[in-house]
file protein-v5.txt (compact mmCIF, C-alpha atoms)
# COMPACT_ATOMS: atom_id res chain seq x y z
CA MET A 195 10.24 75.47 -41.77
CA SER A 196 10.56 78.68 -43.75
CA ASP A 197 8.46 81.81 -43.27
CA LYS A 198 7.14 81.28 -46.79
CA ASN A 199 5.72 77.88 -45.86
CA ASP A 200 4.35 79.23 -42.59
CA ASN A 201 2.53 82.04 -44.37
CA ALA A 202 1.11 79.64 -46.96
CA THR A 203 -0.20 77.33 -44.27
CA SER A 204 -1.74 80.22 -42.33
CA GLN A 205 -3.60 81.33 -45.45
CA GLU A 206 -4.67 77.74 -46.09
CA ILE A 207 -6.22 77.39 -42.62
CA THR A 208 -8.14 80.63 -43.06
CA GLU A 209 -9.42 79.73 -46.51
CA ILE A 210 -10.72 76.34 -45.40
CA SER A 211 -13.24 77.88 -42.98
CA GLY A 212 -16.66 76.28 -43.36
CA SER A 213 -15.46 73.26 -45.36
CA ASP A 214 -14.84 69.62 -44.48
CA PRO A 215 -12.02 69.33 -41.89
CA PHE A 216 -11.04 65.90 -43.23
CA ALA A 217 -9.62 67.56 -46.34
CA LEU A 218 -7.20 69.50 -44.16
CA PHE A 219 -6.48 66.44 -42.03
CA HIS A 220 -5.47 64.40 -45.08
CA GLU A 221 -3.26 67.20 -46.35
CA TRP A 222 -1.46 67.46 -43.02
CA MET A 223 -1.15 63.69 -42.75
CA ALA A 224 0.37 63.52 -46.23
CA LYS A 225 2.99 66.07 -45.22
CA ALA A 226 3.67 64.18 -42.00
CA ARG A 227 4.30 60.98 -43.96
CA GLU A 228 7.05 62.85 -45.81
CA THR A 229 8.76 64.30 -42.75
CA GLU A 230 8.09 62.12 -39.69
CA PRO A 231 10.79 59.45 -39.25
CA GLU A 232 8.56 57.03 -37.30
CA ASP A 233 4.82 56.28 -37.35
CA PRO A 234 3.26 59.49 -38.68
CA ASN A 235 -0.11 57.82 -38.02
CA ALA A 236 0.55 57.50 -34.27
CA MET A 237 -2.03 59.21 -32.10
CA ALA A 238 -2.65 59.59 -28.39
CA LEU A 239 -5.97 58.03 -27.37
CA ALA A 240 -7.58 59.32 -24.17
CA THR A 241 -10.35 57.43 -22.35
CA ALA A 242 -11.75 57.49 -18.82
CA ASP A 243 -12.61 54.79 -16.31
CA ALA A 244 -15.80 54.38 -14.28
CA ASP A 245 -14.46 56.76 -11.60
CA GLY A 246 -13.62 59.45 -14.15
CA TYR A 247 -9.86 58.92 -14.01
CA PRO A 248 -8.34 59.53 -17.46
CA ASP A 249 -6.09 57.10 -19.31
CA VAL A 250 -3.98 57.95 -22.34
CA ARG A 251 -1.78 55.84 -24.60
CA MET A 252 -0.43 55.81 -28.14
CA VAL A 253 -2.23 53.80 -30.83
CA LEU A 254 -1.96 53.70 -34.62
CA LEU A 255 -4.56 55.23 -36.90
CA LYS A 256 -5.57 52.76 -39.61
CA VAL A 257 -8.35 54.57 -41.47
CA ALA A 258 -9.43 58.21 -41.58
CA ASP A 259 -12.48 59.15 -43.63
CA GLU A 260 -15.71 61.12 -43.31
CA ASN A 261 -16.94 58.51 -40.81
CA GLY A 262 -14.09 59.12 -38.38
CA PHE A 263 -10.75 57.80 -37.16
CA THR A 264 -10.35 54.01 -36.86
CA PHE A 265 -7.90 51.95 -34.80
CA TYR A 266 -7.75 48.30 -33.65
CA THR A 267 -7.10 46.71 -30.27
CA ASN A 268 -7.76 43.87 -27.86
CA LEU A 269 -11.32 44.42 -26.64
CA GLU A 270 -10.40 42.99 -23.23
CA SER A 271 -7.64 45.56 -22.70
CA VAL A 272 -8.10 48.56 -20.40
CA LYS A 273 -8.89 50.84 -23.33
CA GLY A 274 -11.28 48.28 -24.79
CA GLN A 275 -13.20 48.00 -21.54
CA GLU A 276 -13.25 51.75 -20.95
CA LEU A 277 -14.53 52.43 -24.46
CA ALA A 278 -17.22 49.79 -24.07
CA ALA A 279 -18.42 51.49 -20.88
CA ASN A 280 -18.04 55.10 -22.05
CA GLN A 281 -18.38 55.74 -25.77
CA ARG A 282 -16.48 59.03 -25.65
CA ALA A 283 -12.81 59.54 -26.47
CA ALA A 284 -10.22 62.11 -27.46
CA LEU A 285 -7.30 61.83 -29.87
CA CYS A 286 -4.18 63.91 -30.42
CA PHE A 287 -1.81 63.78 -33.38
CA HIS A 288 1.51 65.57 -32.88
CA TRP A 289 4.07 66.00 -35.64
CA LYS A 290 7.24 67.54 -34.26
CA SER A 291 8.83 67.82 -37.69
CA LEU A 292 5.96 70.02 -38.87
CA ARG A 293 5.31 71.79 -35.56
CA ARG A 294 1.65 70.90 -35.86
CA GLN A 295 -0.95 68.97 -33.93
CA ILE A 296 -4.57 67.94 -34.38
CA ARG A 297 -6.91 67.31 -31.45
CA VAL A 298 -10.14 65.34 -31.79
CA ARG A 299 -13.08 64.67 -29.47
CA GLY A 300 -15.98 62.47 -30.43
CA ILE A 301 -18.29 59.50 -30.20
CA VAL A 302 -16.89 55.96 -30.24
CA SER A 303 -18.48 53.02 -32.05
CA PRO A 304 -17.25 49.52 -32.94
CA VAL A 305 -16.24 48.73 -36.50
CA THR A 306 -18.20 46.10 -38.38
CA THR A 307 -17.25 42.43 -38.32
CA GLU A 308 -16.32 42.68 -42.00
CA GLU A 309 -14.01 45.64 -41.38
CA ALA A 310 -12.27 43.87 -38.48
CA ASP A 311 -11.87 40.64 -40.46
CA THR A 312 -10.45 42.46 -43.48
CA TYR A 313 -7.92 44.43 -41.47
CA PHE A 314 -6.87 41.43 -39.36
CA ALA A 315 -6.24 39.41 -42.54
CA SER A 316 -3.91 42.18 -43.78
CA ARG A 317 -1.65 42.04 -40.70
CA ALA A 318 1.68 40.27 -40.62
CA ARG A 319 1.38 36.64 -39.51
CA ASP A 320 3.47 37.23 -36.38
CA SER A 321 1.13 40.08 -35.42
CA GLN A 322 -1.88 37.82 -35.93
CA ILE A 323 -0.35 35.22 -33.61
CA GLY A 324 0.46 37.96 -31.12
CA ALA A 325 -3.19 39.01 -31.02
CA TRP A 326 -4.08 35.51 -29.83
CA ALA A 327 -1.12 35.17 -27.45
CA SER A 328 -1.37 38.46 -25.57
CA ARG A 329 -3.85 38.87 -22.73
CA GLN A 330 -3.41 42.60 -23.05
CA SER A 331 -3.27 44.73 -19.90
CA ARG A 332 -3.35 41.73 -17.55
CA PRO A 333 -0.49 40.70 -15.21
CA LEU A 334 2.49 38.94 -16.81
CA ALA A 335 4.81 36.78 -14.68
CA GLY A 336 7.71 37.25 -17.09
CA ARG A 337 8.68 37.35 -20.74
CA PHE A 338 8.85 33.56 -20.88
CA GLU A 339 5.12 33.32 -20.16
CA LEU A 340 4.38 35.47 -23.22
CA GLU A 341 6.81 33.50 -25.38
CA LYS A 342 5.10 30.26 -24.36
CA GLU A 343 1.75 31.66 -25.46
CA VAL A 344 3.21 32.74 -28.80
CA ALA A 345 4.69 29.27 -29.33
CA LYS A 346 1.38 27.63 -28.40
CA TYR A 347 -0.62 29.56 -30.98
CA ALA A 348 2.08 29.30 -33.63
CA ALA A 349 1.86 25.50 -33.24
CA LYS A 350 -1.93 25.55 -33.14
CA PHE A 351 -2.32 27.38 -36.44
CA GLY A 352 0.74 25.93 -38.16
CA LEU A 353 0.87 27.13 -41.76
CA GLY A 354 -2.90 27.55 -42.02
CA LYS A 355 -4.98 30.69 -42.06
CA ILE A 356 -5.19 32.46 -38.72
CA PRO A 357 -8.73 33.60 -37.84
CA ARG A 358 -9.40 36.85 -36.04
CA PRO A 359 -9.69 36.35 -32.27
CA PRO A 360 -13.17 37.10 -30.92
CA HIS A 361 -11.60 39.52 -28.42
CA TRP A 362 -9.82 41.58 -31.11
CA SER A 363 -11.53 44.27 -33.18
CA GLY A 364 -11.61 47.99 -33.86
CA PHE A 365 -13.20 51.26 -32.81
CA ARG A 366 -14.07 54.37 -34.75
CA VAL A 367 -14.01 57.84 -33.21
CA THR A 368 -16.52 60.00 -35.06
CA PRO A 369 -15.55 63.59 -34.28
CA LEU A 370 -17.71 66.33 -32.89
CA ARG A 371 -14.74 68.69 -32.53
CA ILE A 372 -11.43 68.89 -34.39
CA GLU A 373 -8.76 71.47 -33.61
CA PHE A 374 -5.88 72.21 -35.97
CA TRP A 375 -2.91 73.77 -34.19
CA ARG A 376 0.21 75.19 -35.82
CA ASP A 377 3.28 76.62 -34.13
CA ARG A 378 3.96 80.31 -34.68
CA PRO A 379 6.74 82.59 -33.35
CA PHE A 380 6.54 83.95 -29.79
CA ARG A 381 3.90 81.35 -28.81
CA LEU A 382 1.31 83.15 -30.97
CA HIS A 383 0.09 79.90 -32.44
CA ASP A 384 -2.66 79.38 -35.01
CA ARG A 385 -5.71 77.44 -33.76
CA MET A 386 -8.68 76.58 -35.96
CA ILE A 387 -11.71 74.74 -34.55
CA PHE A 388 -14.30 72.69 -36.43
CA GLU A 389 -17.35 71.82 -34.30
CA ARG A 390 -20.78 70.27 -34.79
CA THR A 391 -23.64 69.52 -32.42
CA ASP A 392 -24.03 65.89 -33.51
CA ILE A 393 -22.48 63.53 -36.05
CA LYS A 394 -25.05 64.39 -38.73
CA ALA A 395 -24.82 68.16 -38.35
CA GLY A 396 -22.75 70.53 -40.46
CA TRP A 397 -19.43 71.91 -39.31
CA GLN A 398 -19.00 75.35 -37.75
CA THR A 399 -15.57 76.95 -37.64
CA SER A 400 -13.87 79.46 -35.38
CA LYS A 401 -10.41 80.67 -34.46
CA LEU A 402 -9.02 80.56 -30.91
CA PHE A 403 -6.51 82.68 -29.08
CA PRO A 404 -3.27 80.71 -28.61
call {"tool": "encode", "arguments": {"input": "protein-v5.txt", "output": "structure tokens"}}
result
Amino acid sequence: MSDKNDNATSQEITEISGSDPFALFHEWMAKARETEPEDPNAMALATADADGYPDVRMVLLKVADENGFTFYTNLESVKGQELAANQRAALCFHWKSLRRQIRVRGIVSPVTTEEADTYFASRARDSQIGAWASRQSRPLAGRFELEKEVAKYAAKFGLGKIPRPPHWSGFRVTPLRIEFWRDRPFRLHDRMIFERTDIKAGWQTSKLFP
């Protein structure tokens, strides 16, 4: 990335102070879609179990708007159970090609039935069958066991419409804090924070030392 682009981005972060952070998020995501070779919408999702031990894994962002960041999963998976028990989560987007990352912390809520149905209907048929076949996060004797489950549900639904499994839906992380981080020479990185006290409050901005 050239110094010219770096300077323009630095000015951009400064000028956005006090405005909606989603505008900057969408701009960075648009650039990532141009430069990232694989899954620019991939994000690390961090949760915690009942004992406070953290878990983190990669998931795919499906919707980002003023309501938050939405992803879908098996509700009976480890992350599904942890989110049901503790409605707090953190996200991290990292785009190596841009030397940027965005960190999010916020409140988790389930998507509506209509949202889950609409998104499930948009998935590839094989992915829909997979949502029925996989008992996510539970012990698997071997690959053949999974393949048998896939074959069972493929036969069950045939060429008909595949309904959304009752154990499959989505979550939305509504942010209370969003940090925009951009690489700078000599580890003197740019860090801009947007924070609010609750999900209905206005955003406050500040800069952080790298």
call {"tool": "closest_residue", "arguments": {"input": "protein-v5.txt", "among": "A:Ala327, A:Ile393, A:Ala279, A:Ala315", "to": "Pro357 (chain A)", "atoms": "all atoms listed in the file"}}
result
A:Ala315
call {"tool": "residues_around", "arguments": {"input": "protein-v5.txt", "residues": "Leu239 (chain A)", "least_positions_apart": "4", "cutoff": "7 Å", "atoms": "all atoms listed in the file", "output": "JSON, numbers by chain"}}
result
{"A": [250, 251, 252, 253, 284, 285, 286]}
call {"tool": "closest_residue", "arguments": {"input": "protein-v5.txt", "among": "A:Pro304, A:Arg329, A:Asp311, A:Pro234", "to": "Val272 (chain A)", "atoms": "all atoms listed in the file"}}
result
A:Arg329
call {"tool": "residues_around", "arguments": {"input": "protein-v5.txt", "residues": "Glu343 (chain A)", "least_positions_apart": "6", "cutoff": "9 Å", "atoms": "all atoms listed in the file", "output": "NGL selection string"}}
result
:A and (324 or 326-328)
call {"tool": "closest_residue", "arguments": {"input": "protein-v5.txt", "among": "A:Phe403, A:Phe216, A:Trp222, A:Phe365", "to": "Leu254 (chain A)", "atoms": "all atoms listed in the file"}}
result
A:Phe365
call {"tool": "atom_distance", "arguments": {"input": "protein-v5.txt", "atom1": "CA of Ala278 (chain A)", "atom2": "CA of Pro360 (chain A)"}}
result
15.0 Å
call {"tool": "closest_residue", "arguments": {"input": "protein-v5.txt", "among": "A:Ala310, A:Ala318, A:Ala348, A:Ala335", "to": "His361 (chain A)", "atoms": "only C-alpha atoms"}}
result
A:Ala310
call {"tool": "closest_residue", "arguments": {"input": "protein-v5.txt", "among": "A:Ile296, A:Val305, A:Ile323, A:Ala236", "to": "Ile372 (chain A)", "atoms": "only C-alpha atoms"}}
result
A:Ile296
call {"tool": "build_atoms", "arguments": {"input": "protein-v5.txt", "residues": "region 300-327 of chain A", "atoms": "N, CA and C atoms", "output": "mmCIF file, in the frame of the given file"}}
result
data_model
loop_
_atom_site.group_PDB
_atom_site.id
_atom_site.type_symbol
_atom_site.label_atom_id
_atom_site.label_comp_id
_atom_site.auth_asym_id
_atom_site.auth_seq_id
_atom_site.Cartn_x
_atom_site.Cartn_y
_atom_site.Cartn_z
ATOM 1 N N GLY A 300 -14.815 62.976 -29.745
ATOM 2 C CA GLY A 300 -15.980 62.470 -30.430
ATOM 3 C C GLY A 300 -16.605 61.247 -29.811
ATOM 4 N N ILE A 301 -17.495 60.658 -30.591
ATOM 5 C CA ILE A 301 -18.290 59.500 -30.200
ATOM 6 C C ILE A 301 -17.605 58.238 -30.721
ATOM 7 N N VAL A 302 -17.564 57.208 -29.878
ATOM 8 C CA VAL A 302 -16.890 55.960 -30.240
ATOM 9 C C VAL A 302 -17.918 54.893 -30.593
ATOM 10 N N SER A 303 -17.637 54.153 -31.658
ATOM 11 C CA SER A 303 -18.480 53.020 -32.050
ATOM 12 C C SER A 303 -17.596 51.892 -32.550
ATOM 13 N N PRO A 304 -18.041 50.642 -32.439
ATOM 14 C CA PRO A 304 -17.250 49.520 -32.940
ATOM 15 C C PRO A 304 -17.296 49.459 -34.458
ATOM 16 N N VAL A 305 -16.225 48.968 -35.062
ATOM 17 C CA VAL A 305 -16.240 48.730 -36.500
ATOM 18 C C VAL A 305 -17.091 47.493 -36.781
ATOM 19 N N THR A 306 -17.419 47.277 -38.024
ATOM 20 C CA THR A 306 -18.200 46.100 -38.380
ATOM 21 C C THR A 306 -17.322 44.847 -38.342
ATOM 22 N N THR A 307 -17.969 43.699 -38.273
ATOM 23 C CA THR A 307 -17.250 42.430 -38.320
ATOM 24 C C THR A 307 -16.431 42.316 -39.598
ATOM 25 N N GLU A 308 -17.008 42.758 -40.710
ATOM 26 C CA GLU A 308 -16.320 42.680 -42.000
ATOM 27 C C GLU A 308 -15.074 43.566 -42.003
ATOM 28 N N GLU A 309 -15.171 44.759 -41.441
ATOM 29 C CA GLU A 309 -14.010 45.640 -41.380
ATOM 30 C C GLU A 309 -12.897 45.019 -40.536
ATOM 31 N N ALA A 310 -13.271 44.475 -39.372
ATOM 32 C CA ALA A 310 -12.270 43.870 -38.480
ATOM 33 C C ALA A 310 -11.618 42.664 -39.139
ATOM 34 N N ASP A 311 -12.418 41.823 -39.792
ATOM 35 C CA ASP A 311 -11.870 40.640 -40.460
ATOM 36 C C ASP A 311 -10.901 41.029 -41.573
ATOM 37 N N THR A 312 -11.284 42.027 -42.359
ATOM 38 C CA THR A 312 -10.450 42.460 -43.480
ATOM 39 C C THR A 312 -9.116 43.015 -42.990
ATOM 40 N N TYR A 313 -9.182 43.867 -41.962
ATOM 41 C CA TYR A 313 -7.920 44.430 -41.470
ATOM 42 C C TYR A 313 -7.048 43.365 -40.815
ATOM 43 N N PHE A 314 -7.664 42.465 -40.028
ATOM 44 C CA PHE A 314 -6.870 41.430 -39.360
ATOM 45 C C PHE A 314 -6.159 40.569 -40.399
ATOM 46 N N ALA A 315 -6.833 40.244 -41.501
ATOM 47 C CA ALA A 315 -6.240 39.410 -42.540
ATOM 48 C C ALA A 315 -5.048 40.099 -43.214
ATOM 49 N N SER A 316 -5.005 41.441 -43.150
ATOM 50 C CA SER A 316 -3.910 42.180 -43.780
ATOM 51 C C SER A 316 -2.666 42.287 -42.899
ATOM 52 N N ARG A 317 -2.779 41.912 -41.629
ATOM 53 C CA ARG A 317 -1.650 42.040 -40.700
ATOM 54 C C ARG A 317 -0.603 40.967 -40.962
ATOM 55 N N ALA A 318 0.614 41.271 -40.533
ATOM 56 C CA ALA A 318 1.680 40.270 -40.620
ATOM 57 C C ALA A 318 1.310 39.056 -39.784
ATOM 58 N N ARG A 319 1.745 37.886 -40.208
ATOM 59 C CA ARG A 319 1.380 36.640 -39.510
ATOM 60 C C ARG A 319 1.812 36.665 -38.051
ATOM 61 N N ASP A 320 3.000 37.163 -37.773
ATOM 62 C CA ASP A 320 3.470 37.230 -36.380
ATOM 63 C C ASP A 320 2.560 38.122 -35.540
ATOM 64 N N SER A 321 2.043 39.199 -36.148
ATOM 65 C CA SER A 321 1.130 40.080 -35.420
ATOM 66 C C SER A 321 -0.210 39.388 -35.177
ATOM 67 N N GLN A 322 -0.641 38.577 -36.121
ATOM 68 C CA GLN A 322 -1.880 37.820 -35.930
ATOM 69 C C GLN A 322 -1.731 36.839 -34.768
ATOM 70 N N ILE A 323 -0.605 36.141 -34.714
ATOM 71 C CA ILE A 323 -0.350 35.220 -33.610
ATOM 72 C C ILE A 323 -0.286 35.983 -32.290
ATOM 73 N N GLY A 324 0.359 37.149 -32.327
ATOM 74 C CA GLY A 324 0.460 37.960 -31.120
ATOM 75 C C GLY A 324 -0.889 38.387 -30.575
ATOM 76 N N ALA A 325 -1.852 38.625 -31.472
ATOM 77 C CA ALA A 325 -3.190 39.010 -31.020
ATOM 78 C C ALA A 325 -3.858 37.890 -30.239
ATOM 79 N N TRP A 326 -3.563 36.649 -30.592
ATOM 80 C CA TRP A 326 -4.080 35.510 -29.830
ATOM 81 C C TRP A 326 -3.292 35.302 -28.534
ATOM 82 N N ALA A 327 -1.987 35.514 -28.576
ATOM 83 C CA ALA A 327 -1.120 35.170 -27.450
ATOM 84 C C ALA A 327 -1.180 36.169 -26.294
#
